[in-house]
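Participant: One structure is given below, represented as structure tokens, and several questions about it will come after.
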Amino acid sequence: MKRAIAIGVLAALTSFTAAAETYPQRPITMIVPFAAGGPTDVVARIVAEPMSRALGQQVVVENVTGAGGTTGITRGAQSAPDGYTIMVGHMGTNGAAPALFKGLKYDPATSFDPIGFLGGVPILIVAKKDFPAKDLKGFIEALKAGGPKINQAHAGVGSVSHSTGVLFDSQVGVKPTLVTYRGTGPAMNDLMAGQVDFMADQIVNVGPQVAGGTVKAYAIATPERAPSLPDVPTMKEAGLPGYEVSAWNAVFAPKGLPADVKAKLVAAVEAALNDPTATKRLTELGSNIPKADERGPAALQKLVESEVARWTPVLRSAVESNQ
Amino acid sequence: MTDLLSNLGLGFAVALSLQNVALCFLGCLVGTLIGVLPGVGPIATIAMLLPITFGLDPVGALIMLAGIYYGAQYGGSTTAILVNIPGEATSVVTTLDGHQMARQGRGGIALGIAAIASFFAGTVATILIAALGAPLTKLALIFGPAEYFALMVMGLAFAVVLAHGSVLKAVAMILVGILLSTVGTDLETGQERMTFGYAFLTDGVDFSVLAMGLFGIAEILRNLDQSETRDVVRAQIGRLLPGAAELKQATPATLRGTAIGAILGILPGNGAVLGPFASYTIEKKIARDPSRFGRGAIEGVAGPESANNAGAQTAFIPLLTLGIPPNAVMALMVGAMTIHGIVPGPGVMTKNPNLFWGMIASMWIGNLMLLVINLPLVGLWVRLLKVPYRLMFPAILMFCSVGIYSIGSQPTDVMLIGVFGLMGYLLIKFGFEPAPLLLGFVLGKLMEEYLRRSLTLSRGDLMIFLERPVSAVLFVIAFAIIAAALLPSMRKSRDEVFTEA
Amino acid sequence: MSEPVGGSGARGIVRGPQSFVAGLGLIALALFAIWAGGDLARGTLGAIGPGLMPYGLALGVGLCGAALCVAGLLRDGAQLQAMPLRGPVVILLAIGLFAVTIRPFAFGSLSTPGLGLAVAGPLAVLVAGYASHEARFSELAILGLLLTAGCMLLFGDLLNLPIPMLPTALIQALSGTLPSRTLLRIAAGALALAGLVLLVVSRRSAKREPIDVARHSLTT
């Protein structure tokens, strides 16, 4: 009762300010399907700030965790397409998920209105520091000669290091023994201690170790070398041109967004990517800032489709051979 | 030595700036306030509060986070003592004697001794990090999967000793706990195990959910139906802070707890979780009258609490020197560091000396703040216990629901605390204790991982556990503990040690 | 597993009913787990499958259960404890209500409206309170309103956590009129005010008709 009166009074007080009926009228929820503090969460929070400024309403990050990120994305896909719920998907949730999760309630290619690509974090192939091979060619030969005697670490099925690692194996044509860890930290610990031989992982996790000399990097899976690790050759330079992957993040909205709302969100992401503070922080994380032709909904849609097509066969066979 | 002093000097110069002291204080305060919500431990608190540090400069943000961490840690112990709900795995042990003390009107003493023991352990651990941080990291690399598996087996052996009822029932509870930990997506194959297709089970059961249910809700249910013994901290509140006699009694336990916790905390494979159990087991073993344990023995609070805090602190060593987060809390710290553009790794110490030593100094300041904030609050917490239970339990229930919802935004998590509450209630009714179950749950998950990883690496050869000296020694200790619990010739003394009438 | 009692049970077959039933429960749990994990590969030592641990653990739980059953048959032990229904049923109801009202929750095709903490909080406190025989409506309403107002300010305003605070319908209706934070503060203030008014009113009526709080209290 009291509340009704209070609201009534305030509504009356503010009615003459004549709120224009334009989007956005209230804060926008940005679903991050992982826990606060994780790599995707960090990226989301960095872009949420300039997006809020561009939209004139706060973009609130909500961490909805579970099932490798698919719980949050499912919730986002099923929410009203009014622009008040958007989500940050990544390589796993909007690329590899269909291959890994059988009962997935969304289709990365058709359930969303793509908003914008936020860039990717480069992947490196790293080995224990006393691994004898000098370069990537020698390393691949050693992998072929060693077969199952070689131990490859990864951070759990569905993780970036797993997906990109088995993609590497399948492109090179080797079958090392896969050793599973819960998260990158423990895997890196055992790599440093020499318990396992190699792994594929994001530059943000392995970069400091490579720079510190505790592990050895053979190549980076991007077209250009990373500024923070200038001595690590690209895959192309090292002789494996087809292996180009990154752990990417992108903003999606549920399918069926009104055109004007979509345009505003696209512009907000664009503004975030042009914001000097945001780009500086993203670069510090090792994330590449999307180039002009990688931005916008159309480019993102193309990326998602090519990612789904790329991961499905590789991961299906990797998961099936494991079961 | 001069290096150490100049480094610490640099650290304190950074940490003692007005802004950073204020941030540390604020962090401790907010951390305590959120951490004291029943069932909300450090992981949940940090995840919740991480966003509020985003606007600060890196050093300030990390100092505030460290404050939140210690505050939440102590807040978790506070609820363990006051309302018997552990905020995290390491405060499970504190419920055993701490809550008993609270029931006897010695809640203030339990809280006080927890704060003092924690402060002492924190101080020692800070010095340890500063002096030996770098060389100690070598220890981290000696421990491979086989050693960790052995360590977990040893931990489970401790868990048997923790129980004060029948050994058979304790073993059954440990096994049920491990069984529960296997629910969810299998890490190695990605297959779902015993999830029945429910999406909310694919990540398994969350520790906070299980702890809140088994301890928090089950405790409410139990209190509701025992109208005559519903003594929930009644009668006299007693003295608020521990006196000289109690301090003297707690000192040896604190010293031992600090040493045990500090060593286990350095291990990056979440070894810190074992500290409090190990400390409790040892205190119970060497006590002249072990039957006091489980009935409000002050050593049972001082030892595990100091082990807990020492471990919480030395867990920073692998993070700061190797760049490897040893547990979920530290993984969050990594997230916080990267968000501020600092990527933890072997270079942090040399590249960002301000940050590195500032953070170490702020750890100590954080511990001091805890003492400053919490000793006066003890009176307030204890007074809260005077609230009539008919009003207390709906409030606890609501805080549990809000807390668990805020962690993952999942209504199903809220429902699960009800389900586990009912399960905990049934367990109590049938004479089982929930503590071994929770410990089995925590260790079981790690144990399975380490077992499978070891055997993958050894290609199925079980000898890996005996060939490696550290692992072999740990197994011998584990079997000695189990043998002592089961050997018929020791039956009589075992009953004295482990059974409560 | 089943052991014939063989005349050892002189005074009735089951001498420790609590252990016996607990053992049966564990055996049932073990069978359930073996069934639930039946489709999982157990693998080999070199490549342990996902099914091995659950299976081994279930066997262990079953063995413990069998041992408890035997102990219940052979040794005198505790009786079964009475189990009143009111507490568990009402508490579970309160938790369930909180879960389905805090945000929209779908049961198949039906969905609850998201009512936010402003409604879910007082509702949970109010319902939970009735788990005790001494529940009094006004007291619980005051507690629920004040606690919720406090939580809204702490979690929503100070910490900015994304917990739904107000009913979705209300937010949509008022969309654009007020900044959401102001709305939150007004709502929290209104709840607190309602709680305080109730408190004053109930104090007054309590004076007229004194009730001995202590005698009714569960805990004194």
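Here, A, B, ... name the chains of the structure tokens in the order displayed, residue numbers run from 1 inside each chain, and ligands are numbered from 1 in the same displayed order.
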As a PyMOL selection string, please: all residues of region 2-220 of chain C that backbone DSSP puts in strand (DSSP E).
Facilitator: chain C and resi 106-107+110-111
Participant: Write out as a PDB file with N, CA, C and O atoms, in the first residue's frame each polymer residue whose atoms come within 10 Å of Val89 (chain C), counting only C-alpha atoms; drop sequence neighbours fewer than 5 positions from it.
Facilitator:
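Listed below is the output, result01.pdb:
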ATOM      1  N   LEU B 221      16.127 -27.416  10.627  1.00  0.00           N
ATOM      2  CA  LEU B 221      15.120 -28.480  10.748  1.00  0.00           C
ATOM      3  C   LEU B 221      15.294 -29.231  12.058  1.00  0.00           C
ATOM      4  O   LEU B 221      14.324 -29.557  12.747  1.00  0.00           O
ATOM      5  N   LEU B 422      17.115 -31.300   3.613  1.00  0.00           N
ATOM      6  CA  LEU B 422      16.326 -32.470   3.991  1.00  0.00           C
ATOM      7  C   LEU B 422      17.233 -33.685   4.162  1.00  0.00           C
ATOM      8  O   LEU B 422      17.110 -34.454   5.121  1.00  0.00           O
TER       9      LEU B 422
ATOM     10  N   PRO C  84       8.822 -35.240  13.003  1.00  0.00           N
ATOM     11  CA  PRO C  84       7.673 -34.397  12.722  1.00  0.00           C
ATOM     12  C   PRO C  84       7.761 -33.849  11.305  1.00  0.00           C
ATOM     13  O   PRO C  84       8.851 -33.614  10.790  1.00  0.00           O
ATOM     14  N   ALA C  94       9.062 -22.822   1.788  1.00  0.00           N
ATOM     15  CA  ALA C  94       9.562 -21.449   1.806  1.00  0.00           C
ATOM     16  C   ALA C  94      10.729 -21.289   0.827  1.00  0.00           C
ATOM     17  O   ALA C  94      10.781 -20.334   0.052  1.00  0.00           O
ATOM     18  N   ALA C 128       8.447 -19.399   5.997  1.00  0.00           N
ATOM     19  CA  ALA C 128       9.372 -20.189   6.810  1.00  0.00           C
ATOM     20  C   ALA C 128       9.011 -20.092   8.282  1.00  0.00           C
ATOM     21  O   ALA C 128       9.077 -21.071   9.013  1.00  0.00           O
ATOM     22  N   ALA C 131       7.054 -22.654  10.174  1.00  0.00           N
ATOM     23  CA  ALA C 131       7.603 -23.963  10.491  1.00  0.00           C
ATOM     24  C   ALA C 131       7.618 -24.155  12.003  1.00  0.00           C
ATOM     25  O   ALA C 131       7.664 -25.265  12.498  1.00  0.00           O
TER      26      ALA C 131
END
Participant: Would you mind listing what lies within 12 Å of Thr412 (chain B) as a ChimeraX atom specification, with only C-alpha atoms counted and same-chain residues fewer than 2 positions away left out?
Facilitator: /A:66,71 /B:198-201,205-206,209,401,404-405,407-410,414-419 /C:95-107
Participant: If we count only C-alpha atoms, which residues of chain A reach to within 7 Å of chain B? Please list them as a list in words.
Facilitator: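 For chain A, the answer reads Ala36, Gly37, Gly38, Pro39, Val42, Asn63, Val64, Thr65, Gly66, Ala67, Gly156, Val157, Val179, Thr180, Gly185, Pro186, Asn189, Asp190, Ala193, Gln195, Pro208, Gln209, Gly212, Arg281, Glu284, Leu285, Val319, Asn322 and Gln323 of chain A.
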Participant: Using only C-alpha atoms, find the residues of chain C whose closest atom to chain B is at most 7 Å away, then write them as a PDB file with N, CA and C atoms, in the first residue's frame.
Facilitator:
ATOM      1  N   GLN C  18      17.885 -48.026  14.558  1.00  0.00           N
ATOM      2  CA  GLN C  18      18.448 -46.876  13.852  1.00  0.00           C
ATOM      3  C   GLN C  18      19.541 -47.316  12.877  1.00  0.00           C
ATOM      4  N   ALA C  22      19.308 -47.215   8.824  1.00  0.00           N
ATOM      5  CA  ALA C  22      20.355 -46.421   8.182  1.00  0.00           C
ATOM      6  C   ALA C  22      21.100 -47.280   7.166  1.00  0.00           C
ATOM      7  N   ALA C  36      22.167 -45.498 -11.658  1.00  0.00           N
ATOM      8  CA  ALA C  36      22.301 -44.194 -12.314  1.00  0.00           C
ATOM      9  C   ALA C  36      23.592 -44.111 -13.126  1.00  0.00           C
ATOM     10  N   GLY C  37      24.639 -44.784 -12.652  1.00  0.00           N
ATOM     11  CA  GLY C  37      25.910 -44.707 -13.367  1.00  0.00           C
ATOM     12  C   GLY C  37      26.145 -45.918 -14.239  1.00  0.00           C
ATOM     13  N   LEU C  45      42.780 -49.531 -15.983  1.00  0.00           N
ATOM     14  CA  LEU C  45      43.620 -48.760 -15.062  1.00  0.00           C
ATOM     15  C   LEU C  45      44.362 -47.651 -15.787  1.00  0.00           C
ATOM     16  N   GLY C  46      44.824 -47.950 -17.002  1.00  0.00           N
ATOM     17  CA  GLY C  46      45.590 -46.948 -17.752  1.00  0.00           C
ATOM     18  C   GLY C  46      44.712 -45.817 -18.240  1.00  0.00           C
ATOM     19  N   ALA C  47      43.458 -46.141 -18.525  1.00  0.00           N
ATOM     20  CA  ALA C  47      42.528 -45.109 -18.967  1.00  0.00           C
ATOM     21  C   ALA C  47      41.231 -45.320 -18.208  1.00  0.00           C
ATOM     22  N   ILE C  48      41.200 -44.816 -16.982  1.00  0.00           N
ATOM     23  CA  ILE C  48      40.036 -45.002 -16.126  1.00  0.00           C
ATOM     24  C   ILE C  48      38.851 -44.295 -16.740  1.00  0.00           C
ATOM     25  N   PRO C  50      34.796 -42.870 -16.862  1.00  0.00           N
ATOM     26  CA  PRO C  50      34.019 -42.062 -15.926  1.00  0.00           C
ATOM     27  C   PRO C  50      33.203 -42.898 -14.947  1.00  0.00           C
ATOM     28  N   PRO C  54      32.376 -43.895  -9.515  1.00  0.00           N
ATOM     29  CA  PRO C  54      31.030 -44.026  -8.950  1.00  0.00           C
ATOM     30  C   PRO C  54      30.694 -45.476  -8.604  1.00  0.00           C
ATOM     31  N   LEU C  57      32.689 -46.586  -5.521  1.00  0.00           N
ATOM     32  CA  LEU C  57      32.193 -45.907  -4.329  1.00  0.00           C
ATOM     33  C   LEU C  57      30.841 -46.458  -3.918  1.00  0.00           C
ATOM     34  N   GLY C  60      31.299 -49.552  -2.100  1.00  0.00           N
ATOM     35  CA  GLY C  60      31.757 -49.259  -0.738  1.00  0.00           C
ATOM     36  C   GLY C  60      30.613 -48.811   0.150  1.00  0.00           C
ATOM     37  N   VAL C  61      29.774 -47.918  -0.375  1.00  0.00           N
ATOM     38  CA  VAL C  61      28.628 -47.443   0.400  1.00  0.00           C
ATOM     39  C   VAL C  61      27.709 -48.609   0.729  1.00  0.00           C
ATOM     40  N   CYS C  64      29.191 -50.717   3.509  1.00  0.00           N
ATOM     41  CA  CYS C  64      28.994 -50.045   4.801  1.00  0.00           C
ATOM     42  C   CYS C  64      27.550 -50.238   5.257  1.00  0.00           C
ATOM     43  N   GLN C  81      14.201 -42.235  15.621  1.00  0.00           N
ATOM     44  CA  GLN C  81      13.721 -40.987  16.212  1.00  0.00           C
ATOM     45  C   GLN C  81      12.434 -40.547  15.532  1.00  0.00           C
ATOM     46  N   PRO C  84       8.822 -35.240  13.003  1.00  0.00           N
ATOM     47  CA  PRO C  84       7.673 -34.397  12.722  1.00  0.00           C
ATOM     48  C   PRO C  84       7.761 -33.849  11.305  1.00  0.00           C
ATOM     49  N   GLY C  87       8.071 -29.024  10.227  1.00  0.00           N
ATOM     50  CA  GLY C  87       9.307 -28.292   9.944  1.00  0.00           C
ATOM     51  C   GLY C  87       9.794 -28.482   8.511  1.00  0.00           C
ATOM     52  N   PRO C  88      10.130 -29.721   8.148  1.00  0.00           N
ATOM     53  CA  PRO C  88      10.674 -29.935   6.806  1.00  0.00           C
ATOM     54  C   PRO C  88       9.741 -29.448   5.696  1.00  0.00           C
ATOM     55  N   LEU C  92      10.885 -26.383   3.296  1.00  0.00           N
ATOM     56  CA  LEU C  92      11.098 -26.649   1.871  1.00  0.00           C
ATOM     57  C   LEU C  92      10.176 -25.781   1.024  1.00  0.00           C
ATOM     58  N   ILE C  95      11.642 -22.269   0.849  1.00  0.00           N
ATOM     59  CA  ILE C  95      12.791 -22.199  -0.063  1.00  0.00           C
ATOM     60  C   ILE C  95      12.316 -22.271  -1.506  1.00  0.00           C
ATOM     61  N   GLY C  96      11.380 -23.170  -1.759  1.00  0.00           N
ATOM     62  CA  GLY C  96      10.856 -23.332  -3.114  1.00  0.00           C
ATOM     63  C   GLY C  96      10.185 -22.056  -3.596  1.00  0.00           C
ATOM     64  N   ALA C  99      12.699 -19.533  -4.586  1.00  0.00           N
ATOM     65  CA  ALA C  99      13.365 -19.875  -5.847  1.00  0.00           C
ATOM     66  C   ALA C  99      12.498 -19.549  -7.059  1.00  0.00           C
ATOM     67  N   VAL C 100      11.189 -19.786  -6.952  1.00  0.00           N
ATOM     68  CA  VAL C 100      10.366 -19.572  -8.151  1.00  0.00           C
ATOM     69  C   VAL C 100       9.881 -18.135  -8.288  1.00  0.00           C
ATOM     70  N   GLY C 121      11.629 -12.119  -0.818  1.00  0.00           N
ATOM     71  CA  GLY C 121      12.221 -12.070   0.508  1.00  0.00           C
ATOM     72  C   GLY C 121      11.191 -12.164   1.628  1.00  0.00           C
ATOM     73  N   ALA C 124       9.436 -15.551   1.698  1.00  0.00           N
ATOM     74  CA  ALA C 124      10.201 -16.661   2.257  1.00  0.00           C
ATOM     75  C   ALA C 124      10.235 -16.581   3.778  1.00  0.00           C
ATOM     76  N   VAL C 125      10.449 -15.381   4.311  1.00  0.00           N
ATOM     77  CA  VAL C 125      10.515 -15.231   5.769  1.00  0.00           C
ATOM     78  C   VAL C 125       9.165 -15.591   6.393  1.00  0.00           C
ATOM     79  N   ALA C 128       8.447 -19.399   5.997  1.00  0.00           N
ATOM     80  CA  ALA C 128       9.372 -20.189   6.810  1.00  0.00           C
ATOM     81  C   ALA C 128       9.011 -20.092   8.282  1.00  0.00           C
ATOM     82  N   GLY C 129       8.619 -18.906   8.720  1.00  0.00           N
ATOM     83  CA  GLY C 129       8.295 -18.694  10.124  1.00  0.00           C
ATOM     84  C   GLY C 129       7.262 -19.679  10.642  1.00  0.00           C
ATOM     85  N   SER C 132       7.580 -23.058  12.724  1.00  0.00           N
ATOM     86  CA  SER C 132       7.571 -23.142  14.177  1.00  0.00           C
ATOM     87  C   SER C 132       6.143 -22.936  14.675  1.00  0.00           C
ATOM     88  N   GLU C 134       5.288 -21.294  17.135  1.00  0.00           N
ATOM     89  CA  GLU C 134       5.124 -19.996  17.782  1.00  0.00           C
ATOM     90  C   GLU C 134       5.065 -18.850  16.804  1.00  0.00           C
ATOM     91  N   ALA C 135       4.878 -19.169  15.534  1.00  0.00           N
ATOM     92  CA  ALA C 135       4.873 -18.116  14.528  1.00  0.00           C
ATOM     93  C   ALA C 135       3.773 -17.110  14.809  1.00  0.00           C
ATOM     94  N   LEU C 159      26.346  -2.802  -3.390  1.00  0.00           N
ATOM     95  CA  LEU C 159      27.245  -3.735  -4.068  1.00  0.00           C
ATOM     96  C   LEU C 159      26.894  -3.909  -5.536  1.00  0.00           C
ATOM     97  N   ILE C 163      20.961  -9.044  -8.691  1.00  0.00           N
ATOM     98  CA  ILE C 163      19.836  -9.830  -8.183  1.00  0.00           C
ATOM     99  C   ILE C 163      18.564  -9.070  -8.568  1.00  0.00           C
ATOM    100  N   SER C 217       8.457 -18.254  23.542  1.00  0.00           N
ATOM    101  CA  SER C 217       9.637 -18.384  22.697  1.00  0.00           C
ATOM    102  C   SER C 217      10.172 -19.796  22.742  1.00  0.00           C
ATOM    103  N   LEU C 218      10.612 -20.249  21.603  1.00  0.00           N
ATOM    104  CA  LEU C 218      11.176 -21.587  21.517  1.00  0.00           C
ATOM    105  C   LEU C 218      12.492 -21.670  22.258  1.00  0.00           C
ATOM    106  N   THR C 219      13.106 -20.557  22.405  1.00  0.00           N
ATOM    107  CA  THR C 219      14.511 -20.636  22.778  1.00  0.00           C
ATOM    108  C   THR C 219      14.817 -20.166  24.178  1.00  0.00           C
ATOM    109  N   THR C 220      13.826 -19.659  24.862  1.00  0.00           N
ATOM    110  CA  THR C 220      14.159 -19.236  26.214  1.00  0.00           C
ATOM    111  C   THR C 220      13.644 -20.242  27.227  1.00  0.00           C
TER     112      THR C 220
END
Participant: Using 6 Å as the limit and counting only C-alpha atoms, can you tabulate each residue of chain C that touches chain A, with its shortest atom-to-atom distance in Å and the two atoms involved, as a tab-separated table?
Facilitator:
residue	atom	partner	partner_atom	distance
C:Pro162	CA	A:Glu62	CA	5.7
C:Ser175	CA	A:Gln25	CA	5.8
C:Gly176	CA	A:Gln25	CA	4.6
C:Ala190	CA	A:Arg3	CA	5.0
Participant: For a test of reading the model, state the distance in Å between CA of Val273 (chain B) and CA of Thr53 (chain B), rounded to one decimal.
Facilitator: 26.6 Å
Participant: What's the 9 Å shell around region 476-482 of chain B, counting only C-alpha atoms, without same-chain residues fewer than 5 positions away, as a PyMOL selection string?
Facilitator: chain B and resi 150-151+153-158+160-161+471+487
Participant: Could you check the closest approach to Leu26 (chain C) for each of C:Pro179, C:Gly62, C:Gly49, C:Pro113 and tell me which residue wins, using only C-alpha atoms?
Facilitator: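 Once distances to Leu26 (chain C) are computed over only C-alpha atoms, the minimum belongs to C:Gly62.
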Participant: Could you go through region 129-228 of chain A and tell me which residues DSSP, when run on the backbone, assigns to helix (DSSP H, G or I), listing them as a PyMOL selection string?
Facilitator: chain A and resi 136-149+160-172+184-193+203-212
Participant: Within 9 Å of Thr126 (chain B), counting only C-alpha atoms, which residues show up once you throw out same-chain ones fewer than 4 positions away? Write them as an MDAnalysis selection string, please.
Facilitator: chainID B and resid 121:122 130:131 310 313:314 360:361 363:364
Participant: Residues near region 306-311 of chain A, anyone? I mean within 10 Å using only C-alpha atoms, not counting same-chain ones fewer than 2 positions away, as a PyMOL selection string.
Facilitator: chain A and resi 91-92+94-100+107-109+163-164+166-167+245+300-304+313-316
Participant: Store the residues of this selection in a file with N, CA, C and O atoms, as a compact mmCIF listing (two decimals), in the first residue's frame.
Facilitator:
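Output file out-v7.txt follows:
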# COMPACT_ATOMS: atom_id res chain seq x y z
N MET A 91 34.31 -18.62 -28.01
CA MET A 91 34.63 -19.72 -28.90
C MET A 91 33.93 -21.03 -28.50
O MET A 91 33.45 -21.76 -29.34
N GLY A 92 33.86 -21.30 -27.20
CA GLY A 92 33.24 -22.54 -26.75
C GLY A 92 31.73 -22.50 -26.84
O GLY A 92 31.11 -23.33 -27.50
N ASN A 94 29.63 -20.48 -28.38
CA ASN A 94 29.01 -20.17 -29.66
C ASN A 94 29.79 -20.72 -30.85
O ASN A 94 29.62 -20.27 -31.96
N GLY A 95 30.65 -21.69 -30.59
CA GLY A 95 31.38 -22.32 -31.68
C GLY A 95 31.46 -23.83 -31.46
O GLY A 95 30.94 -24.62 -32.23
N ALA A 96 32.09 -24.21 -30.37
CA ALA A 96 32.35 -25.63 -30.13
C ALA A 96 31.20 -26.35 -29.44
O ALA A 96 31.09 -27.58 -29.52
N ALA A 97 30.32 -25.59 -28.77
CA ALA A 97 29.29 -26.22 -27.93
C ALA A 97 28.45 -27.28 -28.65
O ALA A 97 28.20 -28.34 -28.09
N PRO A 98 27.98 -27.03 -29.88
CA PRO A 98 27.13 -28.05 -30.50
C PRO A 98 27.82 -29.41 -30.61
O PRO A 98 27.16 -30.44 -30.59
N ALA A 99 29.14 -29.41 -30.73
CA ALA A 99 29.85 -30.67 -30.84
C ALA A 99 29.99 -31.35 -29.49
O ALA A 99 30.14 -32.57 -29.40
N LEU A 100 29.95 -30.58 -28.43
CA LEU A 100 30.24 -31.13 -27.10
C LEU A 100 29.00 -31.41 -26.27
O LEU A 100 28.99 -32.31 -25.45
N ASP A 107 21.04 -22.90 -31.21
CA ASP A 107 21.92 -23.14 -32.35
C ASP A 107 22.73 -21.86 -32.55
O ASP A 107 22.16 -20.81 -32.82
N PRO A 108 24.05 -21.93 -32.39
CA PRO A 108 24.84 -20.70 -32.47
C PRO A 108 24.57 -19.91 -33.75
O PRO A 108 24.64 -18.68 -33.74
N ALA A 109 24.26 -20.61 -34.84
CA ALA A 109 24.11 -19.90 -36.11
C ALA A 109 22.73 -19.27 -36.29
O ALA A 109 22.60 -18.32 -37.06
N SER A 163 40.02 -27.83 -26.92
CA SER A 163 39.56 -27.69 -28.31
C SER A 163 40.72 -27.37 -29.24
O SER A 163 40.94 -28.03 -30.25
N THR A 164 41.49 -26.35 -28.87
CA THR A 164 42.56 -25.93 -29.77
C THR A 164 43.68 -26.99 -29.81
O THR A 164 44.33 -27.17 -30.83
N VAL A 166 43.29 -30.39 -29.51
CA VAL A 166 42.96 -31.52 -30.37
C VAL A 166 42.90 -31.09 -31.84
O VAL A 166 43.18 -31.88 -32.74
N LEU A 167 42.58 -29.82 -32.07
CA LEU A 167 42.63 -29.33 -33.45
C LEU A 167 44.07 -29.39 -33.97
O LEU A 167 44.32 -29.82 -35.10
N VAL A 245 44.09 -20.19 -34.83
CA VAL A 245 42.95 -20.16 -33.91
C VAL A 245 43.15 -19.10 -32.85
O VAL A 245 44.28 -18.72 -32.52
N LEU A 300 30.46 -11.22 -37.82
CA LEU A 300 30.33 -12.13 -36.67
C LEU A 300 29.55 -13.38 -37.06
O LEU A 300 29.92 -14.50 -36.71
N GLN A 301 28.46 -13.17 -37.81
CA GLN A 301 27.66 -14.31 -38.25
C GLN A 301 28.53 -15.28 -39.07
O GLN A 301 28.47 -16.49 -38.87
N LYS A 302 29.35 -14.71 -39.95
CA LYS A 302 30.21 -15.55 -40.78
C LYS A 302 31.20 -16.31 -39.89
O LYS A 302 31.45 -17.50 -40.09
N LEU A 303 31.76 -15.61 -38.91
CA LEU A 303 32.72 -16.24 -38.02
C LEU A 303 32.08 -17.43 -37.29
O LEU A 303 32.65 -18.52 -37.23
N VAL A 304 30.87 -17.19 -36.73
CA VAL A 304 30.20 -18.25 -35.97
C VAL A 304 29.99 -19.46 -36.85
O VAL A 304 30.30 -20.60 -36.46
N PRO A 313 33.48 -31.48 -36.53
CA PRO A 313 34.09 -32.79 -36.81
C PRO A 313 35.26 -33.11 -35.86
O PRO A 313 35.35 -34.23 -35.36
N VAL A 314 36.10 -32.12 -35.61
CA VAL A 314 37.30 -32.38 -34.79
C VAL A 314 36.92 -32.83 -33.39
O VAL A 314 37.42 -33.84 -32.87
N LEU A 315 36.01 -32.07 -32.77
CA LEU A 315 35.67 -32.37 -31.38
C LEU A 315 34.82 -33.62 -31.26
O LEU A 315 34.98 -34.40 -30.33
N ARG A 316 33.90 -33.82 -32.22
CA ARG A 316 33.09 -35.04 -32.17
C ARG A 316 34.00 -36.25 -32.13
O ARG A 316 33.84 -37.13 -31.29
Participant: Find the residues around Arg295 (chain B) up to 8 Å (only C-alpha atoms counted), leave out those fewer than 5 positions away in its own chain, and share them as a list of chain:residue names.
Facilitator: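 That gives B:Leu96, B:Asp97, B:Gln100, B:Met101.
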Participant: Can you write just those residues out, N, CA and C atoms, as a PDB file, in the first residue's frame?
Facilitator:
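Result file follows (selection-v8.pdb):
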ATOM      1  N   LEU B  96      32.994 -27.964  14.462  1.00  0.00           N
ATOM      2  CA  LEU B  96      32.944 -29.071  15.415  1.00  0.00           C
ATOM      3  C   LEU B  96      33.031 -28.572  16.854  1.00  0.00           C
ATOM      4  N   ASP B  97      34.082 -27.824  17.153  1.00  0.00           N
ATOM      5  CA  ASP B  97      34.226 -27.361  18.523  1.00  0.00           C
ATOM      6  C   ASP B  97      33.762 -25.928  18.712  1.00  0.00           C
ATOM      7  N   GLN B 100      30.088 -25.784  19.367  1.00  0.00           N
ATOM      8  CA  GLN B 100      29.838 -26.315  20.712  1.00  0.00           C
ATOM      9  C   GLN B 100      30.144 -25.250  21.768  1.00  0.00           C
ATOM     10  N   MET B 101      31.251 -24.549  21.546  1.00  0.00           N
ATOM     11  CA  MET B 101      31.600 -23.496  22.504  1.00  0.00           C
ATOM     12  C   MET B 101      30.497 -22.448  22.547  1.00  0.00           C
TER      13      MET B 101
END
Participant: Please measure the separation of CA of Val47 (chain A) and CA of Pro122 (chain A), giving the value in Å to one decimal.
Facilitator: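 Rounded to one decimal, the two atoms are 18.8 Å apart.
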